[in-house]
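**Student:** This one is run.csv, CSV, C-alpha atoms (C1' of nucleotides).
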```csv
chain,number,residue,atom,x,y,z
A,17,MET,CA,-25.9,-11.7,-32.8
A,18,LYS,CA,-27.8,-9.5,-35.3
A,19,LYS,CA,-27.5,-5.8,-35.4
A,20,ILE,CA,-31.1,-5.5,-34.3
A,21,ASP,CA,-30.4,-7.5,-31.2
A,22,ILE,CA,-27.5,-5.2,-30.4
A,23,LEU,CA,-29.8,-2.2,-30.6
A,24,LYS,CA,-32.2,-4.0,-28.3
A,25,LYS,CA,-29.4,-4.9,-25.9
A,26,LEU,CA,-28.1,-1.3,-25.8
A,27,ARG,CA,-31.6,0.2,-25.4
A,28,SER,CA,-32.5,-2.3,-22.7
A,29,SER,CA,-29.4,-1.3,-20.8
A,30,ARG,CA,-30.2,2.4,-21.2
A,31,LEU,CA,-27.3,3.0,-23.4
A,32,ARG,CA,-28.0,5.2,-26.4
A,33,PRO,CA,-27.2,3.3,-29.5
A,34,THR,CA,-24.7,5.8,-30.9
A,35,LYS,CA,-22.7,5.0,-34.1
A,36,GLN,CA,-19.7,4.2,-32.0
A,37,ARG,CA,-21.4,2.0,-29.5
A,38,VAL,CA,-23.1,0.0,-32.2
A,39,GLU,CA,-19.9,-0.4,-34.1
A,40,ILE,CA,-18.0,-1.6,-31.0
A,41,ALA,CA,-20.8,-3.8,-29.8
A,42,LYS,CA,-21.0,-5.5,-33.2
A,43,PHE,CA,-17.3,-6.1,-33.1
A,44,LEU,CA,-17.4,-7.5,-29.6
A,45,PHE,CA,-20.6,-9.5,-29.6
A,46,GLU,CA,-21.1,-10.7,-33.2
A,47,ARG,CA,-18.9,-13.7,-32.7
A,48,ASP,CA,-19.3,-17.3,-31.6
A,49,LYS,CA,-16.4,-17.6,-29.1
A,50,THR,CA,-15.6,-15.7,-26.0
A,51,PHE,CA,-13.3,-12.7,-26.7
A,52,HIS,CA,-10.7,-11.4,-24.3
A,53,PHE,CA,-9.2,-8.1,-24.8
A,54,THR,CA,-7.7,-5.0,-23.3
A,55,VAL,CA,-8.9,-1.5,-24.3
A,56,GLU,CA,-5.7,-1.0,-26.1
A,57,SER,CA,-5.9,-4.2,-28.1
A,58,LEU,CA,-9.6,-3.6,-28.9
A,59,ASN,CA,-8.7,-0.1,-30.1
A,60,LYS,CA,-6.0,-1.4,-32.4
A,61,LEU,CA,-8.4,-4.0,-33.9
A,62,LEU,CA,-11.1,-1.3,-34.4
A,63,ILE,CA,-8.7,0.9,-36.2
A,64,LYS,CA,-7.9,-1.9,-38.6
A,65,LYS,CA,-11.4,-3.1,-39.1
A,66,SER,CA,-13.6,0.0,-38.8
A,67,THR,CA,-14.2,2.7,-41.4
A,68,SER,CA,-14.8,5.5,-39.0
A,69,ARG,CA,-12.2,6.5,-36.5
A,70,ILE,CA,-13.2,6.1,-32.8
A,71,ALA,CA,-11.3,8.0,-30.1
A,72,LEU,CA,-9.4,5.9,-27.6
A,73,ALA,CA,-11.3,7.6,-24.8
A,74,THR,CA,-14.6,6.5,-26.4
A,75,VAL,CA,-13.4,2.9,-26.4
A,76,TYR,CA,-12.7,3.3,-22.7
A,77,ASN,CA,-16.1,4.9,-22.1
A,78,THR,CA,-17.9,2.3,-24.1
A,79,VAL,CA,-16.2,-0.7,-22.6
A,80,HIS,CA,-16.9,0.6,-19.2
A,81,ALA,CA,-20.5,1.3,-20.1
A,82,PHE,CA,-20.9,-2.3,-21.4
A,83,LYS,CA,-19.3,-3.5,-18.2
A,84,ALA,CA,-21.7,-1.5,-16.1
A,85,ALA,CA,-24.6,-2.8,-18.1
A,86,GLY,CA,-23.3,-6.4,-17.5
A,87,HIS,CA,-22.4,-7.1,-21.1
A,88,LEU,CA,-18.7,-7.5,-20.3
A,89,SER,CA,-16.9,-8.7,-17.3
A,90,GLU,CA,-13.6,-7.4,-16.1
A,91,VAL,CA,-11.0,-10.0,-15.4
A,92,GLU,CA,-9.1,-8.0,-12.8
A,93,VAL,CA,-9.7,-7.6,-9.2
A,94,ARG,CA,-7.1,-5.4,-7.7
A,95,GLY,CA,-7.2,-2.2,-9.7
A,96,ASN,CA,-3.9,-1.5,-11.2
A,97,LYS,CA,-1.6,-1.7,-8.3
A,98,THR,CA,0.8,-4.6,-7.9
A,99,TYR,CA,0.8,-6.1,-4.4
A,100,PHE,CA,3.7,-8.0,-3.0
A,101,ASP,CA,3.6,-10.5,-0.2
A,102,THR,CA,6.2,-11.6,2.3
A,103,ASN,CA,4.6,-15.0,2.4
A,104,VAL,CA,6.2,-16.8,-0.5
A,105,SER,CA,4.6,-20.2,0.3
A,106,ASN,CA,1.8,-21.5,-1.9
A,107,HIS,CA,-1.3,-19.8,-0.6
A,108,HIS,CA,-4.4,-17.9,-1.6
A,109,HIS,CA,-6.1,-14.6,-0.9
A,110,PHE,CA,-9.1,-12.8,0.2
A,111,TYR,CA,-9.5,-9.4,-1.3
A,112,ASP,CA,-11.5,-6.7,0.4
A,113,SER,CA,-12.1,-4.1,-2.3
A,114,GLU,CA,-13.6,-1.7,0.3
A,115,THR,CA,-10.3,-1.4,2.1
A,116,ALA,CA,-8.1,-2.5,-0.8
A,117,GLU,CA,-6.7,-5.1,1.6
A,118,LEU,CA,-5.3,-8.6,0.9
A,119,ILE,CA,-5.7,-11.3,3.5
A,120,ASP,CA,-3.8,-14.6,3.2
A,121,ILE,CA,-5.6,-17.9,3.1
A,122,ASP,CA,-3.5,-20.9,3.9
A,123,ALA,CA,-3.1,-23.4,1.1
A,124,ASN,CA,-4.7,-26.1,3.3
A,125,ASP,CA,-7.9,-24.1,3.8
A,126,ILE,CA,-8.9,-24.5,0.2
A,127,ILE,CA,-9.3,-27.9,-1.4
A,128,ILE,CA,-9.9,-28.1,-5.1
A,129,GLN,CA,-11.6,-31.3,-6.1
A,130,LYS,CA,-11.8,-31.0,-9.8
A,131,ILE,CA,-9.5,-29.1,-12.1
A,132,PRO,CA,-9.3,-29.0,-15.9
A,133,LYS,CA,-6.1,-30.2,-17.6
A,134,ALA,CA,-3.9,-27.6,-19.2
A,135,PRO,CA,-4.4,-26.9,-22.9
A,136,ASN,CA,-2.2,-28.2,-25.7
A,137,GLY,CA,1.5,-28.4,-24.8
A,138,LYS,CA,1.1,-26.4,-21.6
A,139,LYS,CA,1.6,-27.3,-18.0
A,140,ILE,CA,0.0,-25.9,-14.9
A,141,LYS,CA,2.4,-23.6,-13.1
A,142,ASN,CA,0.2,-22.8,-10.1
A,143,VAL,CA,-3.4,-22.3,-9.1
A,144,GLU,CA,-4.4,-19.1,-7.5
A,145,VAL,CA,-7.7,-18.8,-5.7
A,146,PHE,CA,-8.9,-15.3,-5.2
A,147,ILE,CA,-11.9,-14.7,-3.0
A,148,ASN,CA,-13.5,-11.2,-3.4
A,149,LEU,CA,-15.2,-9.9,-0.4
A,150,LYS,CA,-18.2,-7.6,0.1
A,151,ASN,CA,-19.8,-6.2,3.2
B,2,MET,CA,14.5,-12.5,11.9
B,3,LYS,CA,17.9,-11.1,13.0
B,4,LYS,CA,20.1,-8.8,10.9
B,5,ILE,CA,22.7,-11.5,10.5
B,6,ASP,CA,20.1,-13.8,8.9
B,7,ILE,CA,19.2,-11.0,6.5
B,8,LEU,CA,22.8,-10.7,5.5
B,9,LYS,CA,22.9,-14.4,4.9
B,10,LYS,CA,19.7,-14.4,3.0
B,11,LEU,CA,20.9,-11.6,0.7
B,12,ARG,CA,24.3,-13.2,0.1
B,13,SER,CA,22.8,-16.6,-0.6
B,14,SER,CA,20.6,-14.9,-3.2
B,15,ARG,CA,23.5,-13.2,-4.8
B,16,LEU,CA,22.2,-9.9,-3.7
B,17,ARG,CA,24.9,-7.5,-2.4
B,18,PRO,CA,23.9,-6.4,1.1
B,19,THR,CA,24.0,-2.8,0.4
B,20,LYS,CA,22.8,-0.3,3.1
B,21,GLN,CA,19.4,0.2,1.3
B,22,ARG,CA,18.8,-3.5,0.8
B,23,VAL,CA,19.5,-4.3,4.4
B,24,GLU,CA,17.3,-1.5,5.6
B,25,ILE,CA,14.4,-2.6,3.3
B,26,ALA,CA,14.9,-6.3,4.1
B,27,LYS,CA,14.8,-5.6,7.9
B,28,PHE,CA,11.7,-3.6,7.4
B,29,LEU,CA,10.0,-6.4,5.4
B,30,PHE,CA,11.2,-9.5,7.0
B,31,GLU,CA,11.7,-8.7,10.7
B,32,ARG,CA,8.1,-9.2,11.5
B,33,ASP,CA,5.9,-12.1,12.7
B,34,LYS,CA,3.0,-11.7,10.3
B,35,THR,CA,2.7,-11.7,6.6
B,36,PHE,CA,3.0,-8.3,5.2
B,37,HIS,CA,1.3,-7.2,2.0
B,38,PHE,CA,2.3,-4.0,0.3
B,39,THR,CA,2.7,-2.1,-2.9
B,40,VAL,CA,6.0,-0.4,-3.7
B,41,GLU,CA,4.3,2.9,-3.2
B,42,SER,CA,3.0,2.0,0.3
B,43,LEU,CA,6.3,0.5,1.3
B,44,ASN,CA,8.1,3.6,0.2
B,45,LYS,CA,5.8,5.8,2.3
B,46,LEU,CA,6.4,3.6,5.4
B,47,LEU,CA,10.2,3.6,4.8
B,48,ILE,CA,10.2,7.4,4.6
B,49,LYS,CA,8.4,7.5,7.9
B,50,LYS,CA,10.5,4.9,9.7
B,51,SER,CA,13.9,5.2,8.1
B,52,THR,CA,16.6,7.6,8.9
B,53,SER,CA,18.2,7.6,5.5
B,54,ARG,CA,16.3,8.5,2.4
B,55,ILE,CA,15.9,5.8,-0.2
B,56,ALA,CA,14.9,6.6,-3.8
B,57,LEU,CA,11.6,5.3,-5.0
B,58,ALA,CA,13.4,3.6,-7.9
B,59,THR,CA,15.6,1.8,-5.4
B,60,VAL,CA,12.6,0.5,-3.6
B,61,TYR,CA,11.3,-0.8,-7.0
B,62,ASN,CA,14.7,-2.3,-7.8
B,63,THR,CA,15.0,-3.9,-4.4
B,64,VAL,CA,11.5,-5.3,-4.2
B,65,HIS,CA,12.0,-6.9,-7.6
B,66,ALA,CA,15.4,-8.2,-6.6
B,67,PHE,CA,13.8,-9.9,-3.6
B,68,LYS,CA,11.1,-11.2,-5.7
B,69,ALA,CA,13.6,-12.7,-8.2
B,70,ALA,CA,15.4,-14.2,-5.3
B,71,GLY,CA,12.2,-15.8,-4.0
B,72,HIS,CA,11.9,-13.7,-0.8
B,73,LEU,CA,8.8,-12.0,-2.0
B,74,SER,CA,5.9,-13.1,-4.1
B,75,GLU,CA,3.9,-11.0,-6.4
B,76,VAL,CA,0.2,-11.2,-6.0
B,77,GLU,CA,-0.6,-10.2,-9.5
B,78,VAL,CA,-0.5,-12.3,-12.6
B,79,ARG,CA,-1.5,-10.2,-15.5
B,80,GLY,CA,0.9,-7.4,-15.5
B,81,ASN,CA,-0.9,-4.1,-15.3
B,82,LYS,CA,-3.3,-4.4,-18.1
B,83,THR,CA,-7.0,-4.9,-17.4
B,84,TYR,CA,-8.6,-7.6,-19.5
B,85,PHE,CA,-12.2,-7.7,-20.4
B,86,ASP,CA,-14.2,-10.8,-21.2
B,87,THR,CA,-17.3,-11.1,-23.4
B,88,ASN,CA,-18.2,-14.1,-21.3
B,89,VAL,CA,-20.1,-12.5,-18.4
B,90,SER,CA,-21.1,-15.8,-16.7
B,91,ASN,CA,-19.4,-17.1,-13.7
B,92,HIS,CA,-16.2,-18.8,-14.8
B,93,HIS,CA,-12.5,-19.1,-14.3
B,94,HIS,CA,-9.3,-18.6,-16.3
B,95,PHE,CA,-6.1,-20.1,-17.5
B,96,TYR,CA,-3.4,-17.5,-18.0
B,97,ASP,CA,-0.5,-18.1,-20.4
B,98,SER,CA,2.1,-15.6,-19.5
B,99,GLU,CA,4.2,-16.6,-22.5
B,100,THR,CA,1.5,-15.2,-24.9
B,101,ALA,CA,-0.3,-13.0,-22.3
B,102,GLU,CA,-3.4,-14.9,-23.3
B,103,LEU,CA,-6.5,-15.7,-21.2
B,104,ILE,CA,-8.4,-18.9,-21.7
B,105,ASP,CA,-11.9,-19.4,-20.2
B,106,ILE,CA,-12.6,-22.3,-17.9
B,107,ASP,CA,-16.2,-23.2,-17.5
B,108,ALA,CA,-17.4,-22.9,-13.9
B,109,ASN,CA,-18.4,-26.6,-13.9
B,110,ASP,CA,-14.9,-27.6,-14.7
B,111,ILE,CA,-13.6,-26.6,-11.3
B,112,ILE,CA,-15.1,-27.9,-8.1
B,113,ILE,CA,-13.9,-26.4,-4.9
B,114,GLN,CA,-14.5,-28.8,-2.0
B,115,LYS,CA,-13.3,-26.7,0.9
B,116,ILE,CA,-13.3,-23.0,1.3
B,117,PRO,CA,-12.6,-20.8,4.3
B,118,LYS,CA,-15.4,-18.5,5.7
B,119,ALA,CA,-15.1,-14.8,5.1
B,120,PRO,CA,-13.5,-12.8,7.9
B,121,ASN,CA,-15.4,-10.6,10.4
B,122,GLY,CA,-18.5,-9.0,9.0
B,123,LYS,CA,-17.6,-9.7,5.4
B,124,LYS,CA,-19.3,-11.9,2.8
B,125,ILE,CA,-17.9,-13.7,-0.1
B,126,LYS,CA,-18.7,-11.9,-3.3
B,127,ASN,CA,-17.2,-14.3,-5.7
B,128,VAL,CA,-14.4,-16.8,-6.1
B,129,GLU,CA,-12.0,-16.6,-9.0
B,130,VAL,CA,-9.6,-19.4,-9.8
B,131,PHE,CA,-6.7,-18.4,-11.8
B,132,ILE,CA,-4.5,-21.1,-13.3
B,133,ASN,CA,-1.1,-19.9,-14.5
B,134,LEU,CA,0.4,-21.9,-17.3
B,135,LYS,CA,4.0,-22.7,-18.3
B,136,ASN,CA,5.5,-24.6,-21.2
C,27,DT,C1',43.9,-0.1,-2.0
C,28,DT,C1',42.7,-0.4,-6.4
C,29,DT,C1',39.4,-1.9,-9.5
C,30,DC,C1',35.1,-2.9,-11.6
C,31,DA,C1',30.8,-4.8,-11.9
C,32,DC,C1',26.8,-4.0,-9.4
C,33,DT,C1',23.9,-0.2,-7.1
C,34,DT,C1',21.8,3.9,-6.1
C,35,DT,C1',19.9,8.1,-7.4
C,36,DA,C1',17.1,12.0,-9.5
C,37,DG,C1',14.7,12.9,-13.0
C,38,DA,C1',12.9,11.8,-17.6
C,39,DA,C1',10.2,8.6,-20.2
C,40,DT,C1',6.6,5.4,-20.8
C,41,DT,C1',2.2,3.1,-20.3
C,42,DA,C1',-2.5,2.7,-18.8
C,43,DT,C1',-6.2,5.2,-17.5
C,44,DT,C1',-9.1,9.1,-16.2
C,45,DA,C1',-10.5,14.0,-16.5
C,46,DT,C1',-11.8,18.1,-19.1
C,47,DA,C1',-14.2,21.0,-21.8
C,48,DA,C1',-15.9,22.0,-26.3
C,49,DA,C1',-18.4,20.2,-30.2
C,50,DC,C1',-21.9,16.8,-31.4
C,51,DT,C1',-26.2,14.0,-31.6
C,52,DA,C1',-30.3,10.8,-30.2
C,53,DG,C1',-34.5,11.2,-29.1
C,54,DA,C1',-38.0,13.9,-26.6
C,55,DT,C1',-40.8,18.2,-27.0
C,56,DT,C1',-42.9,21.5,-29.4
D,7,DA,C1',-40.0,19.0,-39.1
D,8,DA,C1',-37.5,22.4,-36.2
D,9,DT,C1',-35.9,22.9,-31.5
D,10,DC,C1',-34.0,21.5,-27.3
D,11,DT,C1',-31.3,19.0,-24.0
D,12,DA,C1',-29.1,15.5,-21.6
D,13,DG,C1',-26.0,12.2,-22.9
D,14,DT,C1',-21.9,11.4,-26.0
D,15,DT,C1',-17.7,11.9,-28.5
D,16,DT,C1',-13.5,13.9,-29.2
D,17,DA,C1',-8.7,15.7,-28.7
D,18,DT,C1',-5.9,16.8,-25.4
D,19,DA,C1',-4.2,17.4,-20.7
D,20,DA,C1',-3.6,15.2,-16.4
D,21,DT,C1',-2.6,11.5,-13.3
D,22,DA,C1',-0.6,7.3,-11.5
D,23,DA,C1',2.3,3.4,-11.6
D,24,DT,C1',6.3,1.8,-13.3
D,25,DT,C1',10.6,1.6,-16.0
D,26,DC,C1',14.6,3.8,-18.1
D,27,DT,C1',18.8,6.5,-18.2
D,28,DA,C1',23.1,8.1,-17.2
D,29,DA,C1',26.0,9.7,-13.8
D,30,DA,C1',27.8,9.1,-9.2
D,31,DG,C1',28.6,5.8,-5.5
D,32,DT,C1',30.1,1.3,-3.4
D,33,DG,C1',30.8,-3.8,-2.0
D,34,DA,C1',34.1,-7.1,-2.3
D,35,DA,C1',37.5,-9.6,-5.2
D,36,DA,C1',42.3,-9.5,-6.3
```
Output the file's structure in the form of structure tokens.

**Tutor:**
Amino acid sequence: MKKIDILKKLRSSRLRPTKQRVEIAKFLFERDKTFHFTVESLNKLLIKKSTSRIALATVYNTVHAFKAAGHLSEVEVRGNKTYFDTNVSNHHHFYDSETAELIDIDANDIIIQKIPKAPNGKKIKNVEVFINLKN
Amino acid sequence: MKKIDILKKLRSSRLRPTKQRVEIAKFLFERDKTFHFTVESLNKLLIKKSTSRIALATVYNTVHAFKAAGHLSEVEVRGNKTYFDTNVSNHHHFYDSETAELIDIDANDIIIQKIPKAPNGKKIKNVEVFINLKN
DNA sequence: TTTCACTTTAGAATTATTATAAACTAGATT
DNA sequence: AATCTAGTTTATAATAATTCTAAAGTGAAA
């Protein structure tokens, strides 16, 4: 993705193409493969690579702005709380983000027909299906 | 579940049945339905219900001890960091907890044959399949 | 009943994230 | 081009969830 495309992408998302946003956007989107990161890891990479210093809070702001604009997705469904479950059997969950409530789904109520094989020397430990709900 | 069972359960898991553990275990396991909670919410409920005061750190310790013993499962796979993904299309993930690495799975590589319908007045927003890896 | 490794406790520390408020800037208006 | 202004960036403080620490307490083995 060219710089000009990034400018377009930002403008079309009503994000002012500031120096920082352009720099972060170039870093994130000028690549061939998918890129997974946390704000913290992105920040470290930016510090290494970039000439100008970008505040951590700006990285948070920018990442969330990109997310709101649909340029990034967040691989996290439950906020930052850890839920525990007295049901230790293999099962799945509905998650209602309105009420921050988890609902069990019996393992038998979901059948997965096709599944990819694990990469390289890895094995599949378990498969969790998470169904997010809306009203 | 009776108190005596809880004592057995703890002993068999090599957890000393201390006053606090028994109290928390009774609260968690002497019920018919699955119970979902966070340490914080559990702590609040314990403060309300219990006679003796239990330190928050003890609730953390105890919950993790129960988890290690297999009496509780943790509905959370990625620690407490939020990952972002430059791939905004609908897709799934492998998660390698050894390396804390996410790997994309194309939406077409997973086919779900049977899925439960959403509860009460809710709709399904999206379905996330999370495949945990081991070595 | 003594002993000691395991526990509990209060509070400090850490980590991830969000809020704040002052300084800055892209782009519209003059 | 100079001015204006809402949106941005920044350093820092605040918050929230969780873990650490070190001292005091306690099951249960001997």

**Student:** Find the spatial neighbours of DT29 of chain C, counting all atoms listed in the file, within a cut-off of 12 Å - ignore same-chain residues fewer than 3 positions away - and output them as number ranges by chain.

**Tutor:** D: 32-36

**Student:** Would you kindly return, as an NGL selection string, each protein, DNA or RNA residue with an atom no farther than 10 Å from any atom of Ala85 of chain A, considering only C-alpha atoms (C1' of nucleotides) and excluding same-chain residues fewer than 4 positions away?

**Tutor:** :A and (25-26 or 28-31 or 79-81 or 89)

**Student:** Check the smallest atom-to-atom distance from each of C:DT46, C:DT33, C:DT51, C:DT40 to chain A using only C-alpha atoms (C1' of nucleotides), then report the winner.

**Tutor:**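 With only C-alpha atoms (C1' of nucleotides) as the atom set, the closest residue is C:DT51.
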
**Student:** Determine which residues of chain A sit within 6 Å of chain B, taking into account only C-alpha atoms, and present them as a short mmCIF file (atom, residue, chain, number, x, y, z; two decimals) with C-alpha atoms, in the coordinates of the input.

**Tutor:**
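Final output, saved to part_25.cif:
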```
data_model
loop_
_atom_site.label_atom_id
_atom_site.label_comp_id
_atom_site.auth_asym_id
_atom_site.auth_seq_id
_atom_site.Cartn_x
_atom_site.Cartn_y
_atom_site.Cartn_z
CA THR A 50 -15.60 -15.70 -26.00
CA PHE A 51 -13.30 -12.70 -26.70
CA HIS A 52 -10.70 -11.40 -24.30
CA PHE A 53 -9.20 -8.10 -24.80
CA THR A 54 -7.70 -5.00 -23.30
CA LEU A 88 -18.70 -7.50 -20.30
CA SER A 89 -16.90 -8.70 -17.30
CA GLU A 90 -13.60 -7.40 -16.10
CA VAL A 91 -11.00 -10.00 -15.40
CA GLU A 92 -9.10 -8.00 -12.80
CA ASN A 96 -3.90 -1.50 -11.20
CA THR A 98 0.80 -4.60 -7.90
CA TYR A 99 0.80 -6.10 -4.40
CA PHE A 100 3.70 -8.00 -3.00
CA ASP A 101 3.60 -10.50 -0.20
CA THR A 102 6.20 -11.60 2.30
CA ASN A 103 4.60 -15.00 2.40
CA VAL A 104 6.20 -16.80 -0.50
CA ASP A 125 -7.90 -24.10 3.80
CA ILE A 126 -8.90 -24.50 0.20
CA ILE A 127 -9.30 -27.90 -1.40
CA ILE A 128 -9.90 -28.10 -5.10
CA GLN A 129 -11.60 -31.30 -6.10
CA LYS A 130 -11.80 -31.00 -9.80
CA ILE A 131 -9.50 -29.10 -12.10
CA PRO A 132 -9.30 -29.00 -15.90
CA LYS A 138 1.10 -26.40 -21.60
CA LYS A 139 1.60 -27.30 -18.00
CA ILE A 140 0.00 -25.90 -14.90
CA LYS A 141 2.40 -23.60 -13.10
CA ASN A 142 0.20 -22.80 -10.10
CA VAL A 143 -3.40 -22.30 -9.10
CA GLU A 144 -4.40 -19.10 -7.50
CA VAL A 145 -7.70 -18.80 -5.70
CA PHE A 146 -8.90 -15.30 -5.20
CA ILE A 147 -11.90 -14.70 -3.00
CA ASN A 148 -13.50 -11.20 -3.40
CA LEU A 149 -15.20 -9.90 -0.40
CA LYS A 150 -18.20 -7.60 0.10
CA ASN A 151 -19.80 -6.20 3.20
#
```

**Student:** I want to know what sits within 9 Å of DT43 of chain C, based on only C-alpha atoms (C1' of nucleotides), with residues of the same chain fewer than 3 positions away left out; could you give that as a list in words?

**Tutor:**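 After dropping sequence-adjacent residues, the list is Tyr76 of chain A; DT21 and DA22 of chain D.
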
**Student:** Could the residues in this selection be saved with C-alpha atoms (C1' of nucleotides) as a CSV table (one decimal), in the coordinates of the input?

**Tutor:**
```csv
chain,number,residue,atom,x,y,z
A,76,TYR,CA,-12.7,3.3,-22.7
D,21,DT,C1',-2.6,11.5,-13.3
D,22,DA,C1',-0.6,7.3,-11.5
```

**Student:** Can you work out the spacing between atom C1' of DT56 of chain C and atom C1' of DA7 of chain D in Å, to one decimal?

**Tutor:** 10.4 Å

**Student:** So that I can check the surroundings of Arg69 of chain A, please list as a list of chain:residue names every protein, DNA and RNA residue that reaches within 12 Å of it, counting all atoms listed in the file and ignoring chain neighbours fewer than 5 positions away.

**Tutor:**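 Contacts, in chain order: A:Lys35, A:Gln36, A:Glu39, A:Ile40, A:Asn59, A:Lys60, A:Leu61, A:Leu62, A:Ile63, A:Lys64, A:Thr74, A:Val75, D:DT15, D:DT16.
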
**Student:** If I take atom C1' of DA31 of chain C and atom CA of Arg17 of chain B, how far is one from the other in Å, to one decimal?

**Tutor:**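 About the pair atom C1' of DA31 of chain C and atom CA of Arg17 of chain B: they are 11.5 Å apart.
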
**Student:** Give me, as a ChimeraX atom specification, the contact residues of chain C against chain A at a cut-off of 12 Å, counting all atoms listed in the file.

**Tutor:** /C:41-46,50-53

**Student:** Can you work out which residues from chain D touch chain A at a cut-off of 12 Å (counting only C-alpha atoms (C1' of nucleotides)) and hand them back as a PyMOL selection string?

**Tutor:** chain D and resi 12-18+22-24

**Student:** For atom CA of Ile22 of chain A and atom CA of Glu46 of chain A, determine how far apart the two atoms are, in Å to one decimal place.

**Tutor:**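 A separation of 8.9 Å between them.
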
**Student:** With 8 Å of padding per side, what axis-aligned box (centre and edge lengths, Å, one decimal) covers all the listed atoms of segment 122-128 of chain A? Give it as JSON.

**Tutor:**
```
{"center_x": -6.5, "center_y": -24.5, "center_z": -0.6, "size_x": 22.8, "size_y": 23.2, "size_z": 25.0}
```
